file query-v1.pdb (PDB, C-alpha atoms and all ligand atoms)
ATOM      1  CA  MET S  55     189.762   5.684 -48.811  1.00  0.00           C
ATOM      2  CA  HIS S  56     193.529   5.993 -49.253  1.00  0.00           C
ATOM      3  CA  GLN S  57     196.603   6.034 -47.066  1.00  0.00           C
ATOM      4  CA  LEU S  58     198.053   9.554 -46.890  1.00  0.00           C
ATOM      5  CA  SER S  59     201.257  10.171 -48.768  1.00  0.00           C
ATOM      6  CA  SER S  60     204.177  11.234 -46.587  1.00  0.00           C
ATOM      7  CA  THR S  61     205.642  13.157 -49.541  1.00  0.00           C
ATOM      8  CA  SER S  62     202.604  15.428 -49.815  1.00  0.00           C
ATOM      9  CA  SER S  63     203.533  19.022 -50.651  1.00  0.00           C
ATOM     10  CA  ALA S  64     200.460  20.454 -48.869  1.00  0.00           C
ATOM     11  CA  THR S  65     200.630  23.668 -46.843  1.00  0.00           C
ATOM     12  CA  HIS S  66     200.980  22.857 -43.164  1.00  0.00           C
ATOM     13  CA  ILE S  67     198.538  23.857 -40.431  1.00  0.00           C
ATOM     14  CA  ASN S  68     199.517  23.282 -36.824  1.00  0.00           C
ATOM     15  CA  ALA S  69     197.431  20.428 -35.376  1.00  0.00           C
ATOM     16  CA  GLY S  70     198.927  20.929 -31.905  1.00  0.00           C
ATOM     17  CA  SER S  71     200.742  18.532 -29.614  1.00  0.00           C
ATOM     18  CA  PHE S  72     200.060  14.945 -30.636  1.00  0.00           C
ATOM     19  CA  GLY S  73     200.201  13.636 -27.060  1.00  0.00           C
ATOM     20  CA  LEU S  74     197.713  16.211 -25.763  1.00  0.00           C
ATOM     21  CA  TRP S  75     195.473  15.729 -28.771  1.00  0.00           C
ATOM     22  CA  LEU S  76     195.462  11.943 -28.359  1.00  0.00           C
ATOM     23  CA  LYS S  77     194.442  12.181 -24.716  1.00  0.00           C
ATOM     24  CA  GLN S  78     191.643  14.622 -25.554  1.00  0.00           C
ATOM     25  CA  ALA S  79     190.470  12.474 -28.487  1.00  0.00           C
ATOM     26  CA  ARG S  80     190.340   9.310 -26.371  1.00  0.00           C
ATOM     27  CA  ASP S  81     188.482  11.174 -23.604  1.00  0.00           C
ATOM     28  CA  ALA S  82     185.971  12.458 -26.182  1.00  0.00           C
ATOM     29  CA  LEU S  83     185.461   8.908 -27.505  1.00  0.00           C
ATOM     30  CA  ARG S  84     184.543   7.932 -23.949  1.00  0.00           C
ATOM     31  CA  GLY S  85     182.007  10.771 -23.825  1.00  0.00           C
ATOM     32  CA  ASN S  86     184.179  13.047 -21.651  1.00  0.00           C
ATOM     33  CA  GLY S  87     184.159  16.384 -23.468  1.00  0.00           C
ATOM     34  CA  GLY S  88     184.226  17.496 -27.088  1.00  0.00           C
ATOM     35  CA  MET S  89     187.134  18.480 -29.296  1.00  0.00           C
ATOM     36  CA  ASP S  90     188.506  21.959 -29.785  1.00  0.00           C
ATOM     37  CA  VAL S  91     189.514  21.997 -33.444  1.00  0.00           C
ATOM     38  CA  PRO S  92     191.281  25.061 -34.876  1.00  0.00           C
ATOM     39  CA  CYS S  93     189.072  24.962 -37.995  1.00  0.00           C
ATOM     40  CA  GLY S  94     189.734  28.530 -39.120  1.00  0.00           C
ATOM     41  CA  GLU S  95     187.811  29.200 -42.338  1.00  0.00           C
ATOM     42  CA  CYS S  96     187.241  25.502 -43.097  1.00  0.00           C
ATOM     43  CA  VAL S  97     183.610  24.344 -43.267  1.00  0.00           C
ATOM     44  CA  GLY S  98     184.418  20.875 -44.561  1.00  0.00           C
ATOM     45  CA  CYS S  99     182.290  18.880 -42.168  1.00  0.00           C
ATOM     46  CA  CYS S 100     179.175  21.070 -42.767  1.00  0.00           C
ATOM     47  CA  THR S 101     179.408  20.626 -46.562  1.00  0.00           C
ATOM     48  CA  SER S 102     180.564  17.025 -47.068  1.00  0.00           C
ATOM     49  CA  SER S 103     177.351  14.977 -47.174  1.00  0.00           C
ATOM     50  CA  TYR S 104     177.465  13.782 -43.591  1.00  0.00           C
ATOM     51  CA  SER S 105     174.290  12.613 -41.850  1.00  0.00           C
ATOM     52  CA  ILE S 106     174.446  14.073 -38.356  1.00  0.00           C
ATOM     53  CA  LEU S 107     173.318  11.962 -35.400  1.00  0.00           C
ATOM     54  CA  LEU S 108     171.118  13.915 -32.964  1.00  0.00           C
ATOM     55  CA  ARG S 109     170.929  12.489 -29.449  1.00  0.00           C
ATOM     56  CA  PRO S 110     168.114  12.982 -26.916  1.00  0.00           C
ATOM     57  CA  HIS S 111     170.052  15.722 -25.074  1.00  0.00           C
ATOM     58  CA  ASP S 112     170.679  17.769 -28.223  1.00  0.00           C
ATOM     59  CA  THR S 113     168.603  20.952 -28.095  1.00  0.00           C
ATOM     60  CA  ALA S 114     168.973  21.121 -31.884  1.00  0.00           C
ATOM     61  CA  LEU S 115     166.200  18.501 -31.964  1.00  0.00           C
ATOM     62  CA  ASP S 116     163.747  21.272 -31.039  1.00  0.00           C
ATOM     63  CA  ILE S 117     164.693  23.553 -33.916  1.00  0.00           C
ATOM     64  CA  VAL S 118     165.715  21.405 -36.876  1.00  0.00           C
ATOM     65  CA  PRO S 119     162.681  21.181 -39.218  1.00  0.00           C
ATOM     66  CA  VAL S 120     161.305  17.635 -39.234  1.00  0.00           C
ATOM     67  CA  GLN S 121     161.642  17.263 -42.995  1.00  0.00           C
ATOM     68  CA  PHE S 122     165.411  17.071 -42.511  1.00  0.00           C
ATOM     69  CA  LEU S 123     165.192  14.318 -39.888  1.00  0.00           C
ATOM     70  CA  SER S 124     164.892  10.554 -40.190  1.00  0.00           C
ATOM     71  CA  GLY S 125     165.121   7.585 -37.847  1.00  0.00           C
ATOM     72  CA  VAL S 126     168.318   5.823 -36.912  1.00  0.00           C
ATOM     73  CA  ARG S 127     168.531   2.072 -37.346  1.00  0.00           C
ATOM     74  CA  GLY S 128     168.694   0.354 -33.968  1.00  0.00           C
ATOM     75  CA  MET S 129     167.993   3.532 -31.984  1.00  0.00           C
ATOM     76  CA  ALA S 130     164.613   4.763 -30.750  1.00  0.00           C
ATOM     77  CA  TYR S 131     163.408   8.362 -31.157  1.00  0.00           C
ATOM     78  CA  PRO S 132     164.454  10.968 -29.951  1.00  0.00           C
ATOM     79  CA  HIS S 133     167.662   9.724 -31.525  1.00  0.00           C
ATOM     80  CA  ALA S 134     167.432  11.027 -35.075  1.00  0.00           C
ATOM     81  CA  LYS S 135     169.571  11.628 -38.123  1.00  0.00           C
ATOM     82  CA  MET S 136     169.790  15.050 -39.759  1.00  0.00           C
ATOM     83  CA  ASN S 137     170.275  14.404 -43.446  1.00  0.00           C
ATOM     84  CA  PRO S 138     172.295  16.523 -45.865  1.00  0.00           C
ATOM     85  CA  LEU S 139     170.750  18.466 -48.739  1.00  0.00           C
ATOM     86  CA  GLU S 140     171.315  17.342 -52.324  1.00  0.00           C
ATOM     87  CA  ASN S 141     174.367  19.581 -52.591  1.00  0.00           C
ATOM     88  CA  GLY S 142     175.930  17.823 -49.603  1.00  0.00           C
ATOM     89  CA  HIS S 143     175.414  20.759 -47.245  1.00  0.00           C
ATOM     90  CA  CYS S 144     173.914  20.341 -43.795  1.00  0.00           C
ATOM     91  CA  PRO S 145     170.421  21.921 -43.825  1.00  0.00           C
ATOM     92  CA  MET S 146     171.515  24.137 -40.907  1.00  0.00           C
ATOM     93  CA  PHE S 147     174.479  25.498 -42.907  1.00  0.00           C
ATOM     94  CA  LYS S 148     173.373  28.921 -44.093  1.00  0.00           C
ATOM     95  CA  ALA S 149     175.224  31.943 -45.526  1.00  0.00           C
ATOM     96  CA  GLY S 150     178.546  30.156 -45.140  1.00  0.00           C
ATOM     97  CA  CYS S 151     178.222  29.149 -41.494  1.00  0.00           C
ATOM     98  CA  CYS S 152     176.246  27.126 -38.978  1.00  0.00           C
ATOM     99  CA  SER S 153     172.896  28.811 -38.290  1.00  0.00           C
ATOM    100  CA  ILE S 154     172.502  26.969 -34.967  1.00  0.00           C
ATOM    101  CA  TYR S 155     176.096  27.296 -33.808  1.00  0.00           C
ATOM    102  CA  SER S 156     175.378  27.712 -30.083  1.00  0.00           C
ATOM    103  CA  MET S 157     172.984  24.747 -30.232  1.00  0.00           C
ATOM    104  CA  ARG S 158     174.918  22.545 -32.644  1.00  0.00           C
ATOM    105  CA  PRO S 159     174.626  18.837 -31.885  1.00  0.00           C
ATOM    106  CA  GLN S 160     177.178  16.857 -29.851  1.00  0.00           C
ATOM    107  CA  THR S 161     178.139  15.056 -33.061  1.00  0.00           C
ATOM    108  CA  CYS S 162     179.394  18.375 -34.459  1.00  0.00           C
ATOM    109  CA  LEU S 163     181.151  19.283 -31.197  1.00  0.00           C
ATOM    110  CA  ASP S 164     182.949  15.921 -31.245  1.00  0.00           C
ATOM    111  CA  TYR S 165     183.918  15.857 -34.924  1.00  0.00           C
ATOM    112  CA  ASP S 166     187.626  16.301 -35.470  1.00  0.00           C
ATOM    113  CA  CYS S 167     189.161  15.574 -38.869  1.00  0.00           C
ATOM    114  CA  ARG S 168     192.574  15.210 -37.174  1.00  0.00           C
ATOM    115  CA  ILE S 169     191.542  11.602 -36.434  1.00  0.00           C
ATOM    116  CA  PHE S 170     192.248  10.881 -40.112  1.00  0.00           C
ATOM    117  CA  ALA S 171     195.623  12.622 -39.999  1.00  0.00           C
ATOM    118  CA  ALA S 172     196.408  10.577 -36.884  1.00  0.00           C
ATOM    119  CA  ALA S 173     195.419   7.359 -38.670  1.00  0.00           C
ATOM    120  CA  GLY S 174     197.227   8.282 -41.887  1.00  0.00           C
ATOM    121  CA  ILE S 175     194.124   7.883 -44.042  1.00  0.00           C
ATOM    122  CA  ASP S 176     191.802  10.242 -45.895  1.00  0.00           C
ATOM    123  CA  ALA S 177     188.078  10.721 -45.251  1.00  0.00           C
ATOM    124  CA  GLY S 178     186.996   9.032 -48.501  1.00  0.00           C
ATOM    125  CA  GLU S 179     187.092  10.165 -52.101  1.00  0.00           C
ATOM    126  CA  THR S 180     183.748  12.022 -51.892  1.00  0.00           C
ATOM    127  CA  ARG S 181     185.097  14.438 -49.245  1.00  0.00           C
ATOM    128  CA  PRO S 182     187.767  16.561 -50.993  1.00  0.00           C
ATOM    129  CA  ILE S 183     187.443  19.606 -48.690  1.00  0.00           C
ATOM    130  CA  ILE S 184     188.046  17.495 -45.610  1.00  0.00           C
ATOM    131  CA  ASN S 185     190.863  15.607 -47.329  1.00  0.00           C
ATOM    132  CA  LYS S 186     192.591  18.886 -48.139  1.00  0.00           C
ATOM    133  CA  ARG S 187     192.580  19.824 -44.457  1.00  0.00           C
ATOM    134  CA  ILE S 188     193.703  16.323 -43.410  1.00  0.00           C
ATOM    135  CA  ASN S 189     196.732  16.679 -45.662  1.00  0.00           C
ATOM    136  CA  GLU S 190     197.534  20.078 -44.172  1.00  0.00           C
ATOM    137  CA  TRP S 191     197.513  19.069 -40.498  1.00  0.00           C
ATOM    138  CA  GLN S 192     200.904  18.715 -38.882  1.00  0.00           C
ATOM    139  CA  PHE S 193     201.296  17.570 -35.282  1.00  0.00           C
ATOM    140  CA  ASP S 194     204.093  18.504 -32.853  1.00  0.00           C
ATOM    141  CA  TYR S 195     205.741  15.757 -30.815  1.00  0.00           C
ATOM    142  CA  ALA S 196     206.907  16.460 -27.269  1.00  0.00           C
ATOM    143  CA  SER S 197     208.489  13.023 -26.840  1.00  0.00           C
ATOM    144  CA  ALA S 198     209.525   9.814 -28.574  1.00  0.00           C
ATOM    145  CA  GLU S 199     206.462   8.170 -26.971  1.00  0.00           C
ATOM    146  CA  ASP S 200     204.201  10.600 -28.829  1.00  0.00           C
ATOM    147  CA  ARG S 201     205.855   9.732 -32.142  1.00  0.00           C
ATOM    148  CA  ASP S 202     205.596   6.013 -31.360  1.00  0.00           C
ATOM    149  CA  ALA S 203     201.903   6.406 -30.528  1.00  0.00           C
ATOM    150  CA  HIS S 204     201.281   8.162 -33.852  1.00  0.00           C
ATOM    151  CA  GLU S 205     203.122   5.460 -35.793  1.00  0.00           C
ATOM    152  CA  ALA S 206     201.135   2.805 -33.888  1.00  0.00           C
ATOM    153  CA  ILE S 207     197.794   4.443 -34.805  1.00  0.00           C
ATOM    154  CA  LYS S 208     198.830   4.522 -38.463  1.00  0.00           C
ATOM    155  CA  ALA S 209     199.893   0.868 -38.282  1.00  0.00           C
ATOM    156  CA  ALA S 210     196.560  -0.042 -36.669  1.00  0.00           C
ATOM    157  CA  ALA S 211     194.614   1.755 -39.419  1.00  0.00           C
ATOM    158  CA  ALA S 212     196.650   0.056 -42.144  1.00  0.00           C
ATOM    159  CA  PHE S 213     196.095  -3.383 -40.554  1.00  0.00           C
ATOM    160  CA  ILE S 214     192.337  -2.853 -40.013  1.00  0.00           C
ATOM    161  CA  THR S 215     191.915  -1.547 -43.575  1.00  0.00           C
ATOM    162  CA  LYS S 216     193.808  -4.496 -45.059  1.00  0.00           C
ATOM    163  CA  HIS S 217     192.007  -7.133 -42.980  1.00  0.00           C
ATOM    164  CA  THR S 218     188.537  -5.629 -42.613  1.00  0.00           C
ATOM    165  CA  LYS S 219     186.888  -8.604 -44.373  1.00  0.00           C
ATOM    166  CA  SER S 220     188.348 -10.942 -41.746  1.00  0.00           C
ATOM    167  CA  PHE S 221     186.658  -9.089 -38.872  1.00  0.00           C
ATOM    168  CA  PRO S 222     183.279 -10.375 -37.628  1.00  0.00           C
ATOM    169  CA  THR S 223     180.434  -8.596 -39.467  1.00  0.00           C
ATOM    170  CA  GLU S 224     179.655  -6.147 -36.651  1.00  0.00           C
ATOM    171  CA  HIS S 225     183.322  -5.068 -36.606  1.00  0.00           C
ATOM    172  CA  ALA S 226     183.946  -5.161 -40.366  1.00  0.00           C
ATOM    173  CA  PHE S 227     184.473  -1.428 -40.767  1.00  0.00           C
ATOM    174  CA  THR S 228     184.727  -0.031 -44.240  1.00  0.00           C
ATOM    175  CA  ASN S 229     184.142   3.640 -43.563  1.00  0.00           C
ATOM    176  CA  PRO S 230     187.177   5.807 -42.806  1.00  0.00           C
ATOM    177  CA  SER S 231     185.734   7.398 -39.626  1.00  0.00           C
ATOM    178  CA  ALA S 232     185.109   3.986 -38.029  1.00  0.00           C
ATOM    179  CA  ILE S 233     188.590   2.743 -38.992  1.00  0.00           C
ATOM    180  CA  ALA S 234     190.266   5.869 -37.576  1.00  0.00           C
ATOM    181  CA  VAL S 235     188.256   5.659 -34.345  1.00  0.00           C
ATOM    182  CA  LEU S 236     189.012   1.962 -33.854  1.00  0.00           C
ATOM    183  CA  SER S 237     192.707   2.607 -34.494  1.00  0.00           C
ATOM    184  CA  ILE S 238     192.779   5.321 -31.826  1.00  0.00           C
ATOM    185  CA  LYS S 239     191.066   2.990 -29.344  1.00  0.00           C
ATOM    186  CA  VAL S 240     193.404   0.016 -29.841  1.00  0.00           C
ATOM    187  CA  TYR S 241     196.703   1.603 -30.940  1.00  0.00           C
ATOM    188  CA  GLU S 242     198.589   0.397 -27.838  1.00  0.00           C
ATOM    189  CA  LEU S 243     198.592  -3.124 -29.313  1.00  0.00           C
ATOM    190  CA  PHE S 244     200.681  -1.798 -32.203  1.00  0.00           C
ATOM    191  CA  VAL S 245     203.329   0.150 -30.255  1.00  0.00           C
ATOM    192  CA  GLY S 246     206.725  -1.334 -31.131  1.00  0.00           C
ATOM    193  CA  LEU S 247     205.074  -4.181 -33.040  1.00  0.00           C
ATOM    194  CA  VAL S 248     207.298  -5.465 -35.827  1.00  0.00           C
ATOM    195  CA  HIS S 249     205.547  -8.578 -37.070  1.00  0.00           C
ATOM    196  CA  ILE S 250     202.108 -10.138 -36.601  1.00  0.00           C
ATOM    197  CA  GLN S 251     202.378 -13.895 -36.765  1.00  0.00           C
ATOM    198  CA  ASP S 252     198.754 -14.945 -36.355  1.00  0.00           C
ATOM    199  CA  GLU S 253     196.484 -12.358 -37.933  1.00  0.00           C
ATOM    200  CA  VAL S 254     193.231 -14.065 -36.902  1.00  0.00           C
ATOM    201  CA  SER S 255     194.063 -14.115 -33.206  1.00  0.00           C
ATOM    202  CA  PHE S 256     195.385 -10.559 -33.484  1.00  0.00           C
ATOM    203  CA  ILE S 257     191.979  -9.481 -34.816  1.00  0.00           C
ATOM    204  CA  THR S 258     190.435 -11.059 -31.702  1.00  0.00           C
ATOM    205  CA  ARG S 259     192.828  -9.028 -29.538  1.00  0.00           C
ATOM    206  CA  ILE S 260     191.808  -5.840 -31.391  1.00  0.00           C
ATOM    207  CA  ILE S 261     188.118  -6.535 -30.751  1.00  0.00           C
ATOM    208  CA  GLU S 262     188.806  -7.250 -27.070  1.00  0.00           C
ATOM    209  CA  ALA S 263     190.873  -4.056 -26.714  1.00  0.00           C
ATOM    210  CA  SER S 264     188.068  -2.047 -28.331  1.00  0.00           C
ATOM    211  CA  ARG S 265     185.480  -3.545 -25.963  1.00  0.00           C
ATOM    212  CA  LYS S 266     187.730  -2.804 -22.991  1.00  0.00           C
ATOM    213  CA  PHE S 267     188.124   0.800 -24.147  1.00  0.00           C
ATOM    214  CA  ASP S 268     184.346   1.207 -24.506  1.00  0.00           C
ATOM    215  CA  ALA S 269     183.760  -0.323 -21.079  1.00  0.00           C
ATOM    216  CA  MET S 270     185.977   2.294 -19.383  1.00  0.00           C
ATOM    217  CA  PHE S 271     183.320   5.031 -19.226  1.00  0.00           C
TER     218      PHE S 271
HETATM  219  S1  LIG Z 301     186.930  19.370 -41.848  1.00  0.00           S
HETATM  220 FE1  LIG Z 301     188.194  19.540 -39.977  1.00  0.00          FE
HETATM  221  S2  LIG Z 301     189.008  21.640 -40.008  1.00  0.00           S
HETATM  222 FE2  LIG Z 301     187.310  21.537 -41.474  1.00  0.00          FE
HETATM  223  S3  LIG Z 301     185.527  22.230 -40.301  1.00  0.00           S
HETATM  224 FE3  LIG Z 301     185.597  19.992 -40.128  1.00  0.00          FE
HETATM  225  S4  LIG Z 301     186.770  19.545 -38.255  1.00  0.00           S
HETATM  226 FE4  LIG Z 301     187.143  21.692 -38.809  1.00  0.00          FE
HETATM  227  S1  LIG Z 302     174.632  21.525 -37.359  1.00  0.00           S
HETATM  228 FE1  LIG Z 302     175.944  23.257 -37.785  1.00  0.00          FE
HETATM  229  S2  LIG Z 302     178.019  22.566 -37.224  1.00  0.00           S
HETATM  230 FE2  LIG Z 302     176.729  20.745 -37.447  1.00  0.00          FE
HETATM  231  S3  LIG Z 302     177.035  20.075 -39.582  1.00  0.00           S
HETATM  232 FE3  LIG Z 302     175.210  21.382 -39.502  1.00  0.00          FE
HETATM  233  S4  LIG Z 302     175.956  23.417 -40.030  1.00  0.00           S
HETATM  234 FE4  LIG Z 302     177.733  22.199 -39.433  1.00  0.00          FE
END

call {"tool": "encode", "arguments": {"input": "query-v1.pdb", "output": "structure tokens"}}
result
Amino acid sequence: MHQLSSTSSATHINAGSFGLWLKQARDALRGNGGMDVPCGECVGCCTSSYSILLRPHDTALDIVPVQFLSGVRGMAYPHAKMNPLENGHCPMFKAGCCSIYSMRPQTCLDYDCRIFAAAGIDAGETRPIINKRINEWQFDYASAEDRDAHEAIKAAAAFITKHTKSFPTEHAFTNPSAIAVLSIKVYELFVGLVHIQDEVSFITRIIEASRKFDAMF
């Protein structure tokens, strides 16, 4: 995983209003609605070796052949994981598109690669298609607060990435999705923050802020 370069010469694709996106993303993280991503022709998340979590309410559970499913650690069936094929494609990705589009799992409805653009990080070196799109996204800002919020999310991601080994094991995130999500949950701690004096106690504040966010369902 790398921080995105601000001097990137990528083509730009409109990611929408940052303030509106952030509200929608935080609502989705609380289970209130999915994301509406202007994906266009991109099929990055269907072809990038993701295992897709299927939840009990996902009707896809009834149609995905069992050979593509496996258990999920710490979760009882009918939670299941749909595993990618050897080529990294989702087994439901056929003829260039999702073959179960109207029944695609909540995980797919919620996925939004703009979380990485918001956090200023890429999706990991094994996901070049997604990284290309991350570099292309460009948000609009309706206010100085929106810009400050974006800078705070990037600062949160940089801090969490740098100090991940100092977090307690259950919070020691190393994968880019988890770092981006945590940054979006706790970014308010980083708004206007210039210097962190005591990094250990700041990590405690991050964990508390994350718990508080999760408790607000
Ligand atoms: S990588 Fe991003 S733009 Fe591409 S399909 Fe996935 S969510 Fe859409
Ligand atoms: S279920 Fe459909 S939308 Fe979800 S990853 Fe597979 S092909 Fe893509």

call {"tool": "closest_atom_pairs", "arguments": {"input": "query-v1.pdb", "of": "chain S", "to": "ligand LIG 302 (chain Z)", "cutoff": "6 Å", "atoms": "all atoms listed in the file", "output": "tab-separated table"}}
result
residue	atom	partner	partner_atom	distance
S:Cys99	CA	Z:LIG302	S3	6.0
S:Cys100	CA	Z:LIG302	FE4	3.8
S:Cys144	CA	Z:LIG302	FE3	4.6
S:Met146	CA	Z:LIG302	S4	4.6
S:Phe147	CA	Z:LIG302	S4	3.8
S:Cys152	CA	Z:LIG302	S4	3.9
S:Ile154	CA	Z:LIG302	FE1	5.8
S:Tyr155	CA	Z:LIG302	FE1	5.7
S:Arg158	CA	Z:LIG302	S1	4.8
S:Cys162	CA	Z:LIG302	FE2	4.7

call {"tool": "residues_around", "arguments": {"input": "query-v1.pdb", "residues": "S:Ile214", "least_positions_apart": "5", "cutoff": "9 Å", "atoms": "only C-alpha atoms", "output": "mmCIF file with C-alpha atoms, keeping the file's coordinate frame"}}
result
data_model
loop_
_atom_site.group_PDB
_atom_site.id
_atom_site.type_symbol
_atom_site.label_atom_id
_atom_site.label_comp_id
_atom_site.auth_asym_id
_atom_site.auth_seq_id
_atom_site.Cartn_x
_atom_site.Cartn_y
_atom_site.Cartn_z
ATOM 1 C CA ALA S 209 199.893 0.868 -38.282
ATOM 2 C CA PHE S 221 186.658 -9.089 -38.872
ATOM 3 C CA ALA S 226 183.946 -5.161 -40.366
ATOM 4 C CA PHE S 227 184.473 -1.428 -40.767
ATOM 5 C CA ILE S 233 188.590 2.743 -38.992
ATOM 6 C CA LEU S 236 189.012 1.962 -33.854
ATOM 7 C CA SER S 237 192.707 2.607 -34.494
ATOM 8 C CA ILE S 257 191.979 -9.481 -34.816
#

call {"tool": "closest_residue", "arguments": {"input": "query-v1.pdb", "among": "S:Ala173, S:Leu115, S:Cys93, S:Ile188", "to": "ligand LIG 301 (chain Z)", "atoms": "all atoms listed in the file"}}
result
S:Cys93

call {"tool": "closest_atom_pairs", "arguments": {"input": "query-v1.pdb", "of": "chain S", "to": "ligand LIG 301 (chain Z)", "cutoff": "12 Å", "atoms": "only C-alpha atoms and all ligand atoms", "output": "tab-separated table"}}
result
residue	atom	partner	partner_atom	distance
S:Ile67	CA	Z:LIG301	S2	9.8
S:Asn68	CA	Z:LIG301	S2	11.1
S:Ala69	CA	Z:LIG301	S2	9.7
S:Gly88	CA	Z:LIG301	S4	11.6
S:Met89	CA	Z:LIG301	S4	9.0
S:Asp90	CA	Z:LIG301	S4	9.0
S:Val91	CA	Z:LIG301	FE4	5.9
S:Pro92	CA	Z:LIG301	S2	6.6
S:Cys93	CA	Z:LIG301	FE4	3.9
S:Gly94	CA	Z:LIG301	S2	7.0
S:Glu95	CA	Z:LIG301	S3	7.6
S:Cys96	CA	Z:LIG301	FE2	4.3
S:Val97	CA	Z:LIG301	S3	4.1
S:Gly98	CA	Z:LIG301	S1	4.0
S:Cys99	CA	Z:LIG301	FE3	4.0
S:Cys100	CA	Z:LIG301	S3	6.9
S:Thr101	CA	Z:LIG301	S3	8.9
S:Ser102	CA	Z:LIG301	S1	8.6
S:Ser103	CA	Z:LIG301	S1	11.8
S:Tyr104	CA	Z:LIG301	FE3	10.8
S:Phe147	CA	Z:LIG301	S3	11.8
S:Gly150	CA	Z:LIG301	S3	11.6
S:Cys151	CA	Z:LIG301	S3	10.1
S:Cys152	CA	Z:LIG301	S3	10.6
S:Thr161	CA	Z:LIG301	S4	11.0
S:Cys162	CA	Z:LIG301	S4	8.4
S:Leu163	CA	Z:LIG301	S4	9.0
S:Asp164	CA	Z:LIG301	S4	8.8
S:Tyr165	CA	Z:LIG301	S4	5.7
S:Asp166	CA	Z:LIG301	S4	4.4
S:Cys167	CA	Z:LIG301	FE1	4.2
S:Arg168	CA	Z:LIG301	FE1	6.8
S:Ile169	CA	Z:LIG301	FE1	9.3
S:Phe170	CA	Z:LIG301	FE1	9.6
S:Ala171	CA	Z:LIG301	FE1	10.2
S:Asp176	CA	Z:LIG301	S1	11.1
S:Ala177	CA	Z:LIG301	S1	9.4
S:Arg181	CA	Z:LIG301	S1	9.1
S:Pro182	CA	Z:LIG301	S1	9.6
S:Ile183	CA	Z:LIG301	S1	6.9
S:Ile184	CA	Z:LIG301	S1	4.3
S:Asn185	CA	Z:LIG301	S1	7.7
S:Lys186	CA	Z:LIG301	S1	8.5
S:Arg187	CA	Z:LIG301	S2	6.0
S:Ile188	CA	Z:LIG301	FE1	7.2
S:Asn189	CA	Z:LIG301	FE1	10.6
S:Glu190	CA	Z:LIG301	S2	9.6
S:Trp191	CA	Z:LIG301	S2	8.9

call {"tool": "residues_around", "arguments": {"input": "query-v1.pdb", "residues": "S:Thr218", "least_positions_apart": "5", "cutoff": "12 Å", "atoms": "all atoms listed in the file", "output": "list in words"}}
result
Ala210, Ala211, Ala212, Phe213, Thr223, Glu224, His225, Ala226, Phe227, Thr228, Asn229, Pro230, Ala232, Ile233, Leu236, Glu253, Val254, Ile257, Ile260 and Ile261 of chain S

call {"tool": "atom_distance", "arguments": {"input": "query-v1.pdb", "atom1": "atom CA of S:Asp202", "atom2": "atom CA of S:Lys219"}}
result
27.1 Å

call {"tool": "resolve_selection", "arguments": {"input": "query-v1.pdb", "expression": "the PyMOL selection byres (((chain S and resi 113) around 10) and not hetatm)", "output": "list in words"}}
result
Leu108, Arg109, Pro110, His111, Asp112, Ala114, Leu115, Asp116, Ile117, Val118, Ile154, Ser156, Met157, Arg158, Pro159 and Gln160 of chain S

call {"tool": "atom_distance", "arguments": {"input": "query-v1.pdb", "atom1": "atom CA of S:Gly142", "atom2": "atom CA of S:His56"}}
result
21.2 Å

call {"tool": "closest_residue", "arguments": {"input": "query-v1.pdb", "among": "S:Val248, S:Ala82, S:Ala269, S:Ile207", "to": "S:Ala172", "atoms": "all atoms listed in the file"}}
result
S:Ile207

call {"tool": "resolve_selection", "arguments": {"input": "query-v1.pdb", "expression": "the PyMOL selection byres (((chain S and resi 105) around 6) and not hetatm)", "output": "mmCIF file with C-alpha atoms, in the frame of the given file"}}
result
data_model
loop_
_atom_site.group_PDB
_atom_site.id
_atom_site.type_symbol
_atom_site.label_atom_id
_atom_site.label_comp_id
_atom_site.auth_asym_id
_atom_site.auth_seq_id
_atom_site.Cartn_x
_atom_site.Cartn_y
_atom_site.Cartn_z
ATOM 1 C CA TYR S 104 177.465 13.782 -43.591
ATOM 2 C CA ILE S 106 174.446 14.073 -38.356
ATOM 3 C CA MET S 136 169.790 15.050 -39.759
ATOM 4 C CA ASN S 137 170.275 14.404 -43.446
ATOM 5 C CA PRO S 138 172.295 16.523 -45.865
#

call {"tool": "closest_residue", "arguments": {"input": "query-v1.pdb", "among": "S:Ala130, S:Ala198, S:Ala149, S:Ile238", "to": "S:Phe267", "atoms": "all atoms listed in the file"}}
result
S:Ile238

call {"tool": "decode", "arguments": {"input": "query-v1.pdb", "residues": "stretch 157-163 of chain S", "atoms": "N, CA and C atoms", "output": "mmCIF file, in the first residue's frame"}}
result
data_model
loop_
_atom_site.group_PDB
_atom_site.id
_atom_site.type_symbol
_atom_site.label_atom_id
_atom_site.label_comp_id
_atom_site.auth_asym_id
_atom_site.auth_seq_id
_atom_site.Cartn_x
_atom_site.Cartn_y
_atom_site.Cartn_z
ATOM 1 N N MET S 157 -29.134 -9.339 -7.901
ATOM 2 C CA MET S 157 -29.078 -10.040 -6.616
ATOM 3 C C MET S 157 -27.669 -9.967 -6.010
ATOM 4 N N ARG S 158 -26.883 -8.999 -6.463
ATOM 5 C CA ARG S 158 -25.496 -8.961 -5.973
ATOM 6 C C ARG S 158 -25.494 -8.672 -4.469
ATOM 7 N N PRO S 159 -24.506 -9.239 -3.783
ATOM 8 C CA PRO S 159 -24.487 -9.142 -2.317
ATOM 9 C C PRO S 159 -24.329 -7.700 -1.808
ATOM 10 N N GLN S 160 -24.719 -7.493 -0.557
ATOM 11 C CA GLN S 160 -24.587 -6.178 0.085
ATOM 12 C C GLN S 160 -23.134 -5.691 0.028
ATOM 13 N N THR S 161 -22.205 -6.626 0.174
ATOM 14 C CA THR S 161 -20.783 -6.247 0.116
ATOM 15 C C THR S 161 -20.484 -5.499 -1.178
ATOM 16 N N CYS S 162 -21.065 -5.981 -2.286
ATOM 17 C CA CYS S 162 -20.811 -5.343 -3.590
ATOM 18 C C CYS S 162 -21.539 -4.005 -3.676
ATOM 19 N N LEU S 163 -22.746 -3.947 -3.097
ATOM 20 C CA LEU S 163 -23.505 -2.687 -3.098
ATOM 21 C C LEU S 163 -22.772 -1.617 -2.288
#
